[in-house]
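Undergrad: Provided below: entry-v8.cif, containing mmCIF, C-alpha atoms; chains and numbers go by the auth columns.
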data_data
#
loop_
_atom_site.group_PDB
_atom_site.id
_atom_site.type_symbol
_atom_site.label_atom_id
_atom_site.label_comp_id
_atom_site.label_asym_id
_atom_site.label_seq_id
_atom_site.Cartn_x
_atom_site.Cartn_y
_atom_site.Cartn_z
_atom_site.B_iso_or_equiv
_atom_site.auth_seq_id
_atom_site.auth_asym_id
ATOM 1 C CA MET A 1 0.000 0.000 0.000 0.00 202 R
ATOM 2 C CA THR A 2 1.290 3.453 -0.906 0.00 203 R
ATOM 3 C CA THR A 3 1.005 5.917 1.966 0.00 204 R
ATOM 4 C CA PRO A 4 0.264 9.648 1.825 0.00 205 R
ATOM 5 C CA ASP A 5 3.731 10.250 3.310 0.00 206 R
ATOM 6 C CA GLN A 6 5.319 8.340 0.437 0.00 207 R
ATOM 7 C CA LEU A 7 3.374 10.344 -2.144 0.00 208 R
ATOM 8 C CA ARG A 8 4.450 13.640 -0.536 0.00 209 R
ATOM 9 C CA ALA A 9 8.048 12.481 -0.221 0.00 210 R
ATOM 10 C CA GLY A 10 8.148 11.222 -3.810 0.00 211 R
ATOM 11 C CA ARG A 11 6.873 14.537 -5.097 0.00 212 R
ATOM 12 C CA ALA A 12 9.293 16.460 -2.878 0.00 213 R
ATOM 13 C CA ILE A 13 12.348 14.428 -3.871 0.00 214 R
ATOM 14 C CA LEU A 14 11.601 15.316 -7.502 0.00 215 R
ATOM 15 C CA GLY A 15 11.007 18.966 -6.641 0.00 216 R
ATOM 16 C CA LEU A 16 7.512 18.905 -8.124 0.00 217 R
ATOM 17 C CA SER A 17 4.540 20.946 -6.991 0.00 218 R
ATOM 18 C CA GLN A 18 1.115 19.416 -6.456 0.00 219 R
ATOM 19 C CA ALA A 19 -0.019 21.242 -9.604 0.00 220 R
ATOM 20 C CA GLU A 20 2.789 19.622 -11.617 0.00 221 R
ATOM 21 C CA VAL A 21 1.836 16.148 -10.377 0.00 222 R
ATOM 22 C CA ALA A 22 -1.798 16.930 -11.192 0.00 223 R
ATOM 23 C CA SER A 23 -0.740 17.824 -14.730 0.00 224 R
ATOM 24 C CA LEU A 24 1.266 14.597 -15.086 0.00 225 R
ATOM 25 C CA THR A 25 -1.660 12.461 -13.917 0.00 226 R
ATOM 26 C CA GLY A 26 -4.612 14.323 -15.396 0.00 227 R
ATOM 27 C CA LYS A 27 -6.038 14.773 -11.895 0.00 228 R
ATOM 28 C CA THR A 28 -6.862 18.002 -10.089 0.00 229 R
ATOM 29 C CA THR A 29 -4.561 19.684 -7.595 0.00 230 R
ATOM 30 C CA LYS A 30 -7.280 19.151 -4.981 0.00 231 R
ATOM 31 C CA THR A 31 -7.159 15.396 -5.648 0.00 232 R
ATOM 32 C CA ILE A 32 -3.372 15.324 -5.290 0.00 233 R
ATOM 33 C CA ARG A 33 -3.660 17.250 -2.012 0.00 234 R
ATOM 34 C CA ARG A 34 -6.271 14.775 -0.702 0.00 235 R
ATOM 35 C CA ALA A 35 -4.125 11.788 -1.729 0.00 236 R
ATOM 36 C CA GLU A 36 -1.164 13.260 0.160 0.00 237 R
ATOM 37 C CA THR A 37 -3.173 13.755 3.355 0.00 238 R
ATOM 38 C CA ASP A 38 -5.791 10.973 3.419 0.00 239 R
ATOM 39 C CA ALA A 39 -5.336 8.223 0.843 0.00 240 R
ATOM 40 C CA ALA A 40 -8.563 6.565 2.014 0.00 241 R
ATOM 41 C CA ALA A 41 -10.470 9.589 0.629 0.00 242 R
ATOM 42 C CA VAL A 42 -9.163 8.912 -2.897 0.00 243 R
ATOM 43 C CA ALA A 43 -9.862 6.016 -5.271 0.00 244 R
ATOM 44 C CA VAL A 44 -7.269 3.246 -5.373 0.00 245 R
ATOM 45 C CA GLU A 45 -6.873 3.856 -9.114 0.00 246 R
ATOM 46 C CA THR A 46 -5.995 7.501 -8.438 0.00 247 R
ATOM 47 C CA ILE A 47 -3.277 6.531 -5.944 0.00 248 R
ATOM 48 C CA ALA A 48 -1.936 4.078 -8.526 0.00 249 R
ATOM 49 C CA SER A 49 -1.807 6.744 -11.235 0.00 250 R
ATOM 50 C CA ILE A 50 0.024 9.181 -8.963 0.00 251 R
ATOM 51 C CA ARG A 51 2.479 6.479 -7.973 0.00 252 R
ATOM 52 C CA ALA A 52 3.025 5.489 -11.620 0.00 253 R
ATOM 53 C CA ALA A 53 3.746 9.102 -12.596 0.00 254 R
ATOM 54 C CA LEU A 54 6.276 9.473 -9.784 0.00 255 R
ATOM 55 C CA GLU A 55 7.904 6.147 -10.659 0.00 256 R
ATOM 56 C CA SER A 56 8.178 7.210 -14.310 0.00 257 R
ATOM 57 C CA ALA A 57 10.003 10.325 -13.114 0.00 258 R
ATOM 58 C CA GLY A 58 12.538 8.244 -11.170 0.00 259 R
ATOM 59 C CA VAL A 59 11.072 7.580 -7.718 0.00 260 R
ATOM 60 C CA GLU A 60 11.332 4.112 -6.180 0.00 261 R
ATOM 61 C CA PHE A 61 8.801 3.223 -3.497 0.00 262 R
ATOM 62 C CA ILE A 62 10.216 1.194 -0.624 0.00 263 R
ATOM 63 C CA ALA A 63 7.811 -1.145 1.126 0.00 264 R
ATOM 64 C CA GLU A 64 7.467 -1.376 4.892 0.00 265 R
ATOM 65 C CA ASN A 65 10.265 -3.704 5.960 0.00 266 R
ATOM 66 C CA GLY A 66 10.550 -3.090 9.662 0.00 267 R
ATOM 67 C CA GLY A 67 12.316 0.211 9.106 0.00 268 R
ATOM 68 C CA GLY A 68 9.330 2.058 7.702 0.00 269 R
ATOM 69 C CA ALA A 69 8.017 2.659 4.216 0.00 270 R
ATOM 70 C CA GLY A 70 9.845 5.252 2.146 0.00 271 R
ATOM 71 C CA VAL A 71 10.999 6.534 -1.231 0.00 272 R
ATOM 72 C CA ARG A 72 14.297 7.109 -2.990 0.00 273 R
ATOM 73 C CA LEU A 73 15.549 8.221 -6.367 0.00 274 R
ATOM 74 C CA ARG A 74 16.436 5.467 -8.778 0.00 275 R
ATOM 75 C CA LYS A 75 20.111 5.322 -9.761 0.00 276 R
ATOM 76 C CA ALA A 76 20.758 6.801 -13.175 0.00 277 R
#
Would you write out, as structure tokens, the structure that this file holds?

TA:
Amino acid sequence: MTTPDQLRAGRAILGLSQAEVASLTGKTTKTIRRAETDAAAVAVETIASIRAALESAGVEFIAENGGGAGVRLRKA
């Protein structure tokens, strides 16, 4: 499961604004904001499209492994 913290961190690590992520995904800025604060308030498909856009831009999502879920930039 992708967390709101991971979505915010993924966007931040790329230096993107919520409006830029909205443009990449075809969603509204309001939807991006909701996904980054309360993922349960947003459709699963929307979370998946945000995640896919961030992954395409170079973000890797790290699953919970005892040390906490997170994100990092993919090596070039």

Undergrad: Interatomic distance between CA of Arg252 in chain R and CA of Ala277 in chain R?

TA: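 Calculated distance between CA of Arg252 in chain R and CA of Ala277 in chain R is 19.0 Å.
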
Undergrad: I'd like the contact shell of Ser218 in chain R - 10 Å cut-off, only C-alpha atoms, skipping same-chain residues fewer than 4 positions apart - returned as a PyMOL selection string.

TA: chain R and resi 209+212-213+222-224+230+233

Undergrad: Mind pulling up the distance from CA of Gly271 in chain R to CA of Ala210 in chain R?

TA: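 Calculated distance between CA of Ala210 in chain R and CA of Gly271 in chain R is 7.8 Å.
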
Undergrad: Would you mind telling me which residue in R:Ala264, R:Leu225, R:Ile251, R:Leu208 lies nearest to Thr238 in chain R when using all atoms listed in the file?

TA: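 Once distances to Thr238 in chain R are computed over all atoms listed in the file, the minimum belongs to R:Leu208.
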
Undergrad: Measure the distance from CA of Arg275 in chain R to CA of Arg234 in chain R in Å and round it to one decimal.

TA: 24.3 Å

Undergrad: As an mmCIF file, in the coordinates of the input, could you write out range 209-220 of chain R once it has been completed with all heavy atoms?

TA:
data_model
loop_
_atom_site.group_PDB
_atom_site.id
_atom_site.type_symbol
_atom_site.label_atom_id
_atom_site.label_comp_id
_atom_site.auth_asym_id
_atom_site.auth_seq_id
_atom_site.Cartn_x
_atom_site.Cartn_y
_atom_site.Cartn_z
ATOM 1 N N ARG R 209 3.864 12.309 -0.785
ATOM 2 C CA ARG R 209 4.450 13.640 -0.536
ATOM 3 C C ARG R 209 5.956 13.613 -0.710
ATOM 4 O O ARG R 209 6.545 14.492 -1.341
ATOM 5 C CB ARG R 209 4.109 14.119 0.884
ATOM 6 C CG ARG R 209 2.786 14.794 1.021
ATOM 7 C CD ARG R 209 2.649 15.526 2.353
ATOM 8 N NE ARG R 209 3.049 14.764 3.523
ATOM 9 C CZ ARG R 209 2.303 13.843 4.128
ATOM 10 N NH1 ARG R 209 1.092 13.574 3.685
ATOM 11 N NH2 ARG R 209 2.751 13.211 5.190
ATOM 12 N N ALA R 210 6.589 12.585 -0.146
ATOM 13 C CA ALA R 210 8.048 12.481 -0.221
ATOM 14 C C ALA R 210 8.515 12.271 -1.664
ATOM 15 O O ALA R 210 9.519 12.847 -2.083
ATOM 16 C CB ALA R 210 8.543 11.347 0.674
ATOM 17 N N GLY R 211 7.794 11.454 -2.415
ATOM 18 C CA GLY R 211 8.148 11.222 -3.810
ATOM 19 C C GLY R 211 8.071 12.494 -4.630
ATOM 20 O O GLY R 211 8.949 12.794 -5.430
ATOM 21 N N ARG R 212 7.017 13.260 -4.401
ATOM 22 C CA ARG R 212 6.873 14.537 -5.097
ATOM 23 C C ARG R 212 7.981 15.492 -4.690
ATOM 24 O O ARG R 212 8.598 16.153 -5.539
ATOM 25 C CB ARG R 212 5.493 15.143 -4.787
ATOM 26 C CG ARG R 212 5.258 16.488 -5.441
ATOM 27 C CD ARG R 212 3.857 16.988 -5.182
ATOM 28 N NE ARG R 212 3.531 17.150 -3.780
ATOM 29 C CZ ARG R 212 3.901 18.173 -3.017
ATOM 30 N NH1 ARG R 212 4.667 19.132 -3.522
ATOM 31 N NH2 ARG R 212 3.521 18.240 -1.758
ATOM 32 N N ALA R 213 8.274 15.537 -3.389
ATOM 33 C CA ALA R 213 9.293 16.460 -2.878
ATOM 34 C C ALA R 213 10.687 16.107 -3.400
ATOM 35 O O ALA R 213 11.457 17.001 -3.761
ATOM 36 C CB ALA R 213 9.282 16.458 -1.353
ATOM 37 N N ILE R 214 11.008 14.831 -3.440
ATOM 38 C CA ILE R 214 12.348 14.428 -3.871
ATOM 39 C C ILE R 214 12.587 14.793 -5.341
ATOM 40 O O ILE R 214 13.722 15.010 -5.759
ATOM 41 C CB ILE R 214 12.585 12.923 -3.600
ATOM 42 C CG1 ILE R 214 14.073 12.613 -3.505
ATOM 43 C CG2 ILE R 214 11.915 12.050 -4.618
ATOM 44 C CD1 ILE R 214 14.383 11.253 -2.954
ATOM 45 N N LEU R 215 11.498 14.901 -6.099
ATOM 46 C CA LEU R 215 11.601 15.316 -7.502
ATOM 47 C C LEU R 215 11.514 16.829 -7.657
ATOM 48 O O LEU R 215 11.753 17.362 -8.743
ATOM 49 C CB LEU R 215 10.488 14.664 -8.328
ATOM 50 C CG LEU R 215 10.568 13.153 -8.480
ATOM 51 C CD1 LEU R 215 9.295 12.614 -9.106
ATOM 52 C CD2 LEU R 215 11.790 12.742 -9.291
ATOM 53 N N GLY R 216 11.141 17.511 -6.580
ATOM 54 C CA GLY R 216 11.007 18.966 -6.641
ATOM 55 C C GLY R 216 9.774 19.416 -7.409
ATOM 56 O O GLY R 216 9.769 20.496 -7.996
ATOM 57 N N LEU R 217 8.740 18.586 -7.406
ATOM 58 C CA LEU R 217 7.512 18.905 -8.124
ATOM 59 C C LEU R 217 6.475 19.522 -7.190
ATOM 60 O O LEU R 217 6.384 19.154 -6.024
ATOM 61 C CB LEU R 217 6.915 17.638 -8.747
ATOM 62 C CG LEU R 217 7.757 16.908 -9.787
ATOM 63 C CD1 LEU R 217 7.073 15.615 -10.210
ATOM 64 C CD2 LEU R 217 8.001 17.804 -10.992
ATOM 65 N N SER R 218 5.664 20.396 -7.739
ATOM 66 C CA SER R 218 4.540 20.946 -6.991
ATOM 67 C C SER R 218 3.341 20.007 -7.143
ATOM 68 O O SER R 218 3.331 19.130 -8.025
ATOM 69 C CB SER R 218 4.166 22.329 -7.529
ATOM 70 O OG SER R 218 3.629 22.204 -8.836
ATOM 71 N N GLN R 219 2.335 20.203 -6.312
ATOM 72 C CA GLN R 219 1.115 19.416 -6.456
ATOM 73 C C GLN R 219 0.475 19.673 -7.821
ATOM 74 O O GLN R 219 -0.041 18.749 -8.447
ATOM 75 C CB GLN R 219 0.133 19.736 -5.327
ATOM 76 C CG GLN R 219 0.587 19.197 -3.990
ATOM 77 C CD GLN R 219 -0.348 19.568 -2.853
ATOM 78 O OE1 GLN R 219 -1.096 20.542 -2.924
ATOM 79 N NE2 GLN R 219 -0.295 18.786 -1.788
ATOM 80 N N ALA R 220 0.544 20.906 -8.294
ATOM 81 C CA ALA R 220 -0.019 21.242 -9.604
ATOM 82 C C ALA R 220 0.711 20.494 -10.725
ATOM 83 O O ALA R 220 0.078 20.043 -11.694
ATOM 84 C CB ALA R 220 0.045 22.744 -9.837
#
